[in-house]
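Here the structure comes first, spelled out in structure tokens, and everything after it is commentary.
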Amino acid sequence: MFLTCDYHTHPQGHQVRPYTAELLQPWIDQCRAKQIRSIAFTDHDRYLAGINFGVVDSLREQNPDLEILAGIELDNDPVTSGNGLRWVDKNWDRLDFVLGSIHYFSGETEMLDRAGDTSQIEARGVSEAFDQYIRELEKLVSRGHIDCLAHLDLVKIHGLSPDGYDPVERFRPILEIVHRRGLAMEASTAGWRKAVGEQYPHTAILRAAVELQIPITTASDAHSYAQLAADYEKLAAVLERAGVTQIARFHRHKSRTI
Ligand SMILES: [Zn+2]
Ligand SMILES: [Zn+2]
């Protein structure tokens, strides 16, 4: 299987960098170099001030050979996500694709996925940390306004997992909710760039998602155009092992498989 969609990208990186043709065109050029046919821009909702739908529209006009989705990664940031949610609600019809992510444990003001910082996991105990993370996912899904869950088992990022960890046993309840709500789930290469050294989510979780017929998107979580479609050959092999035969494409919040 050759993967042709990247539905998790951050043109602005980790700051507000207003959308311009100069900022976005290198991502499109990189799509052509990597044979990507469909890309979603999904900057973090805390940088929504930089998003400009008019610039995306003219990028589409300049590059009619590619599908360009306007998207966002909406998370559970205790400070900014309320505003992010209102913005998504207001701009729903201009957006094609909304990723939902958990980056925070309840009551924390620092992200749980900061490189090298295992303190939040250790303070809770690994098993309890996984349970709390999954509860946050459930809250995120019930809050609504998302199309697809990003990096479903991000809590493993630091390479820590509970004793006797069974990924499917832990994540099946959230997969069933995802299925009932008709949401999609991404398969992401970003974990290979982190301490855990494994794609998101675990192969067994992907297999369980296939059984539930959950649409699966493919993603790099690139924070630079150089990372676009990173490790896609490796991801294709994982998807084949997991029995994934179809990849979801999105347009105006509607998915179809290819
Ligand atoms: Zn994320
Ligand atoms: Zn991201």
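Naming works like this for the structure tokens: A, B, ... for the chains as they're shown, residue 1 at the start of each chain, ligands 1 onward in shown order.
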
| task | Produce as a list in words the set of residues near ligand 1, where near means within 10 Å with only C-alpha atoms and all ligand atoms considered. | result | His8, Thr9, His10, Thr42, Asp43, His44, Glu73, Leu74, Asp75, Leu99, Gly100, Ser101, Ile102, His103, Met111, Asp113, Leu149, Ala150, His151, Leu152, Leu154, Ala190 and Asp221 of chain A

Can you pull out the residues contacting region 24-26 of chain A? Cut-off 8 Å, using only C-alpha atoms, and skip same-chain residues under 5 positions away; I want them as a short mmCIF file (atom, residue, chain, number, x, y, z; two decimals) with C-alpha atoms, in the first residue's frame.
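Contents of result_13.cif, as written:
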data_model
loop_
_atom_site.label_atom_id
_atom_site.label_comp_id
_atom_site.auth_asym_id
_atom_site.auth_seq_id
_atom_site.Cartn_x
_atom_site.Cartn_y
_atom_site.Cartn_z
CA PRO A 11 2.73 24.88 9.13
CA TYR A 19 -0.76 31.92 6.82
CA LEU A 59 -3.37 28.05 -2.45
CA TYR A 225 7.56 20.57 5.73
#

Return as CSV the residues of region 46-163 of chain A lying at most 12 Å from region 237-249 of chain A, together with the closest atom-to-atom pair for each and the distance in Å to one decimal, counting only C-alpha atoms, with rows in chain order and ascending residue number.
residue,atom,partner,partner_atom,distance
A:Glu67,CA,A:Arg249,CA,9.9
A:Ile68,CA,A:Arg249,CA,11.2
A:Leu69,CA,A:Arg249,CA,10.0
A:Asp96,CA,A:Arg249,CA,10.4
A:Phe97,CA,A:Arg249,CA,9.9
A:Asp147,CA,A:Ala248,CA,11.4
A:Cys148,CA,A:Ala248,CA,10.3

Can you write out the residues you just picked, keeping C-alpha atoms, as an mmCIF file, in the first residue's frame?
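Resulting contents of result-v4.cif:
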data_model
loop_
_atom_site.group_PDB
_atom_site.id
_atom_site.type_symbol
_atom_site.label_atom_id
_atom_site.label_comp_id
_atom_site.auth_asym_id
_atom_site.auth_seq_id
_atom_site.Cartn_x
_atom_site.Cartn_y
_atom_site.Cartn_z
ATOM 1 C CA GLU A 67 -6.422 18.294 -2.393
ATOM 2 C CA ILE A 68 -5.813 20.828 0.399
ATOM 3 C CA LEU A 69 -7.920 20.543 3.550
ATOM 4 C CA ASP A 96 -12.754 20.233 6.294
ATOM 5 C CA PHE A 97 -11.218 18.373 9.145
ATOM 6 C CA ASP A 147 -13.797 14.400 13.082
ATOM 7 C CA CYS A 148 -10.805 12.277 14.009
#

| task | Show which residues sit within 12 Å of Val168 (chain A), as a list of chain:residue names. Count only C-alpha atoms, and ignore same-chain residues fewer than 5 positions away. | result | A:Leu152, A:Asp153, A:Pro173, A:Ile174, A:Leu175, A:Glu176, A:Pro201, A:His202, A:Thr203, A:Ala204, A:Ile205, A:Leu206, A:Arg207, A:Ala208, A:Ala209, A:Glu211

| query | Neighbours of Ser220 (chain A) within 12 Å (only C-alpha atoms; same-chain residues fewer than 5 positions away dropped), as a ChimeraX atom specification? | reply | /A:3-10,36,39-42,150-151,186-193,199-200,225-235

| query | Between A:Val79, A:Ala195, A:Ala184, A:Ala222, which one has atoms that come closest to ligand 2, using only C-alpha atoms and all ligand atoms? | reply |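 Checking each candidate against ligand 2, we get A:Ala222 as the closest.
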
| said: So that I can check the surroundings of region 155-161 of chain A, please list as a PyMOL selection string every protein, DNA and RNA residue that reaches within 9 Å of it, counting only C-alpha atoms and ignoring chain neighbours fewer than 2 positions away. | reply: chain A and resi 102-103+112-118+121+126-127+129-130+133-134+152-153+163-165+191+194-198

| request: Would you please extract all strand (DSSP E or B) residues from region 51-243 of chain A, as assigned by DSSP on the backbone, and give them as a ChimeraX atom specification? | output: /A:67-74,97-100,148-149,184-188,200,216-219,222

If you keep C-alpha atoms, can you produce a file of those selected residues as a PDB file, in the first residue's frame?
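Below is the file that was written, out.pdb:
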ATOM      1  CA  GLU A  67      -6.422  18.294  -2.393  1.00  0.00           C
ATOM      2  CA  ILE A  68      -5.813  20.828   0.399  1.00  0.00           C
ATOM      3  CA  LEU A  69      -7.920  20.543   3.550  1.00  0.00           C
ATOM      4  CA  ALA A  70      -8.411  23.343   6.036  1.00  0.00           C
ATOM      5  CA  GLY A  71      -8.164  21.818   9.484  1.00  0.00           C
ATOM      6  CA  ILE A  72      -7.145  22.293  13.080  1.00  0.00           C
ATOM      7  CA  GLU A  73      -5.899  20.252  16.032  1.00  0.00           C
ATOM      8  CA  LEU A  74      -8.260  20.961  18.900  1.00  0.00           C
ATOM      9  CA  PHE A  97     -11.218  18.373   9.145  1.00  0.00           C
ATOM     10  CA  VAL A  98     -10.869  18.711  12.924  1.00  0.00           C
ATOM     11  CA  LEU A  99      -8.410  16.585  14.875  1.00  0.00           C
ATOM     12  CA  GLY A 100      -9.046  15.978  18.558  1.00  0.00           C
ATOM     13  CA  CYS A 148     -10.805  12.277  14.009  1.00  0.00           C
ATOM     14  CA  LEU A 149      -8.729  11.438  17.074  1.00  0.00           C
ATOM     15  CA  ALA A 184     -12.075   8.442  12.475  1.00  0.00           C
ATOM     16  CA  MET A 185      -8.708   7.698  14.081  1.00  0.00           C
ATOM     17  CA  GLU A 186      -5.251   8.537  12.778  1.00  0.00           C
ATOM     18  CA  ALA A 187      -2.240   6.269  12.326  1.00  0.00           C
ATOM     19  CA  SER A 188       0.758   8.501  13.027  1.00  0.00           C
ATOM     20  CA  TYR A 200       0.525   5.780  17.303  1.00  0.00           C
ATOM     21  CA  ILE A 216      -8.221   5.358   9.615  1.00  0.00           C
ATOM     22  CA  THR A 217      -6.274   8.388   8.398  1.00  0.00           C
ATOM     23  CA  THR A 218      -2.497   8.609   7.946  1.00  0.00           C
ATOM     24  CA  ALA A 219      -0.373  11.335   9.485  1.00  0.00           C
ATOM     25  CA  ALA A 222       5.023  17.298  10.807  1.00  0.00           C
TER      26      ALA A 222
END

Rows by chain and residue number, region 17-91 of chain A within 12 Å of region 136-141 of chain A, shortest pair, only C-alpha atoms, as JSON lines:
{"residue": "A:Leu74", "atom": "CA", "partner": "A:Leu140", "partner_atom": "CA", "distance": 9.2}
{"residue": "A:Asp75", "atom": "CA", "partner": "A:Leu140", "partner_atom": "CA", "distance": 7.8}
{"residue": "A:Asn76", "atom": "CA", "partner": "A:Leu140", "partner_atom": "CA", "distance": 7.1}
{"residue": "A:Asp77", "atom": "CA", "partner": "A:Leu140", "partner_atom": "CA", "distance": 10.9}
{"residue": "A:Pro78", "atom": "CA", "partner": "A:Glu136", "partner_atom": "CA", "distance": 11.8}
{"residue": "A:Ser81", "atom": "CA", "partner": "A:Leu140", "partner_atom": "CA", "distance": 10.5}
{"residue": "A:Gly82", "atom": "CA", "partner": "A:Leu140", "partner_atom": "CA", "distance": 11.7}
{"residue": "A:Leu85", "atom": "CA", "partner": "A:Leu140", "partner_atom": "CA", "distance": 10.7}

| task | Give the answer as one residue: which of A:Asn83, A:Gln213, A:Ser106, A:Gln12 has the shortest atom-to-atom distance to ligand 2, using only C-alpha atoms and all ligand atoms? | result |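 Distance minimum relative to ligand 2 lands on A:Gln12.
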
| task | Please report, as a ChimeraX atom specification, each residue of region 17-251 of chain A to which DSSP assigns helix (DSSP H, G or I) when run on this structure's backbone. | result | /A:21-33,45-50,53-62,81-94,119-124,126-143,154-156,167-181,190-193,203-211,225-227,232-241

Residues of the last selection are to be written out with C-alpha atoms, as a tab-separated table (two decimals), in the first residue's frame.
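Wrote result24.tsv, looks like this:
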chain	number	residue	atom	x	y	z
A	21	ALA	CA	1.61	31.68	0.28
A	22	GLU	CA	5.29	31.78	1.34
A	23	LEU	CA	4.54	29.79	4.49
A	24	LEU	CA	2.29	27.18	2.88
A	25	GLN	CA	3.63	26.62	-0.66
A	26	PRO	CA	6.74	24.66	0.52
A	27	TRP	CA	4.34	22.13	2.09
A	28	ILE	CA	2.61	21.69	-1.25
A	29	ASP	CA	5.94	21.34	-3.07
A	30	GLN	CA	6.92	18.69	-0.53
A	31	CYS	CA	3.61	16.87	-1.17
A	32	ARG	CA	4.57	16.57	-4.83
A	33	ALA	CA	8.08	15.36	-3.92
A	45	ASP	CA	-5.94	25.68	18.14
A	46	ARG	CA	-3.82	27.93	20.38
A	47	TYR	CA	-2.39	29.40	17.16
A	48	LEU	CA	-5.73	29.89	15.42
A	49	ALA	CA	-4.97	33.61	15.03
A	50	GLY	CA	-2.60	32.66	12.21
A	53	PHE	CA	-9.09	30.58	4.99
A	54	GLY	CA	-8.64	33.05	2.13
A	55	VAL	CA	-4.95	32.12	1.86
A	56	VAL	CA	-5.90	28.42	1.81
A	57	ASP	CA	-8.45	29.12	-0.95
A	58	SER	CA	-5.86	30.84	-3.14
A	59	LEU	CA	-3.37	28.05	-2.45
A	60	ARG	CA	-6.01	25.64	-3.80
A	61	GLU	CA	-6.40	27.78	-6.91
A	62	GLN	CA	-2.63	27.80	-7.45
A	81	SER	CA	-9.21	25.14	24.28
A	82	GLY	CA	-12.47	26.91	25.24
A	83	ASN	CA	-11.69	29.63	22.75
A	84	GLY	CA	-10.54	26.98	20.25
A	85	LEU	CA	-13.83	25.16	20.54
A	86	ARG	CA	-15.85	28.35	19.98
A	87	TRP	CA	-13.70	29.17	16.94
A	88	VAL	CA	-14.26	25.68	15.48
A	89	ASP	CA	-17.99	25.99	16.07
A	90	LYS	CA	-18.06	29.36	14.32
A	91	ASN	CA	-15.89	28.23	11.39
A	92	TRP	CA	-17.17	24.65	11.06
A	93	ASP	CA	-18.41	25.16	7.49
A	94	ARG	CA	-15.04	26.53	6.35
A	119	SER	CA	7.19	13.50	36.06
A	120	GLN	CA	3.43	13.71	35.41
A	121	ILE	CA	3.27	9.99	34.58
A	122	GLU	CA	5.38	8.98	37.55
A	123	ALA	CA	3.46	11.19	39.99
A	124	ARG	CA	0.26	9.34	39.09
A	126	VAL	CA	1.85	4.61	35.09
A	127	SER	CA	-1.35	2.59	35.21
A	128	GLU	CA	-3.38	5.42	36.77
A	129	ALA	CA	-1.85	7.86	34.26
A	130	PHE	CA	-3.11	5.71	31.37
A	131	ASP	CA	-6.60	5.54	32.93
A	132	GLN	CA	-6.69	9.32	33.48
A	133	TYR	CA	-5.51	9.93	29.92
A	134	ILE	CA	-8.30	7.73	28.55
A	135	ARG	CA	-10.87	9.55	30.70
A	136	GLU	CA	-9.68	12.82	29.13
A	137	LEU	CA	-10.17	11.27	25.69
A	138	GLU	CA	-13.73	10.34	26.60
A	139	LYS	CA	-14.41	13.93	27.73
A	140	LEU	CA	-12.91	15.29	24.51
A	141	VAL	CA	-15.12	13.06	22.37
A	142	SER	CA	-18.26	13.92	24.30
A	143	ARG	CA	-17.45	17.64	23.94
A	154	LEU	CA	0.06	9.42	23.12
A	155	VAL	CA	0.35	8.70	26.86
A	156	LYS	CA	2.98	6.04	25.99
A	167	PRO	CA	-3.31	-1.95	24.72
A	168	VAL	CA	-6.63	-3.23	23.39
A	169	GLU	CA	-8.07	-3.94	26.83
A	170	ARG	CA	-7.31	-0.35	27.90
A	171	PHE	CA	-8.37	1.39	24.72
A	172	ARG	CA	-11.35	-0.74	23.62
A	173	PRO	CA	-13.91	1.44	25.51
A	174	ILE	CA	-12.74	4.59	23.74
A	175	LEU	CA	-12.61	2.76	20.39
A	176	GLU	CA	-16.23	1.73	20.89
A	177	ILE	CA	-17.17	5.36	21.58
A	178	VAL	CA	-15.26	6.47	18.47
A	179	HIS	CA	-17.14	3.84	16.46
A	180	ARG	CA	-20.56	4.83	17.84
A	181	ARG	CA	-19.92	8.49	17.12
A	190	ALA	CA	5.32	10.78	15.11
A	191	GLY	CA	5.95	8.19	17.83
A	192	TRP	CA	8.99	6.95	15.94
A	193	ARG	CA	10.59	10.34	16.63
A	203	THR	CA	-0.60	-2.25	16.13
A	204	ALA	CA	-3.09	-4.20	18.27
A	205	ILE	CA	-5.23	-1.05	18.66
A	206	LEU	CA	-5.16	-0.55	14.89
A	207	ARG	CA	-6.32	-4.14	14.44
A	208	ALA	CA	-9.19	-3.59	16.91
A	209	ALA	CA	-10.16	-0.41	15.03
A	210	VAL	CA	-10.32	-2.38	11.78
A	211	GLU	CA	-12.70	-4.87	13.41
A	225	TYR	CA	7.56	20.57	5.73
A	226	ALA	CA	10.71	18.42	5.77
A	227	GLN	CA	8.85	15.98	8.05
A	232	TYR	CA	5.46	6.42	5.49
A	233	GLU	CA	6.99	3.20	4.12
A	234	LYS	CA	7.38	1.97	7.69
A	235	LEU	CA	3.81	3.00	8.48
A	236	ALA	CA	2.48	1.21	5.40
A	237	ALA	CA	4.10	-2.02	6.63
A	238	VAL	CA	2.51	-1.60	10.08
A	239	LEU	CA	-0.91	-0.95	8.54
A	240	GLU	CA	-0.60	-4.08	6.44
A	241	ARG	CA	0.28	-6.14	9.52

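With distances taken over only C-alpha atoms and all ligand atoms, A:Ser224 is the one residue among A:Val16, A:Ser224, A:Met1, A:Gly125 lying closest to ligand 2.
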
| Out of A:Gln15, A:Arg252, A:Thr80, A:His223, which residue has the shortest atom-to-atom distance to ligand 2 when counting only C-alpha atoms and all ligand atoms? |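 So, comparing all the options, the nearest one is A:His223.
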
| query | Rounded to one decimal in Å, what is the spacing between CA of His251 (chain A) and CA of Leu95 (chain A)? | reply |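 Between CA of His251 (chain A) and CA of Leu95 (chain A) the gap is 8.8 Å.
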
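If you look at CA of Arg256 (chain A) and CA of Pro64 (chain A), they are 19.9 Å away from each other.
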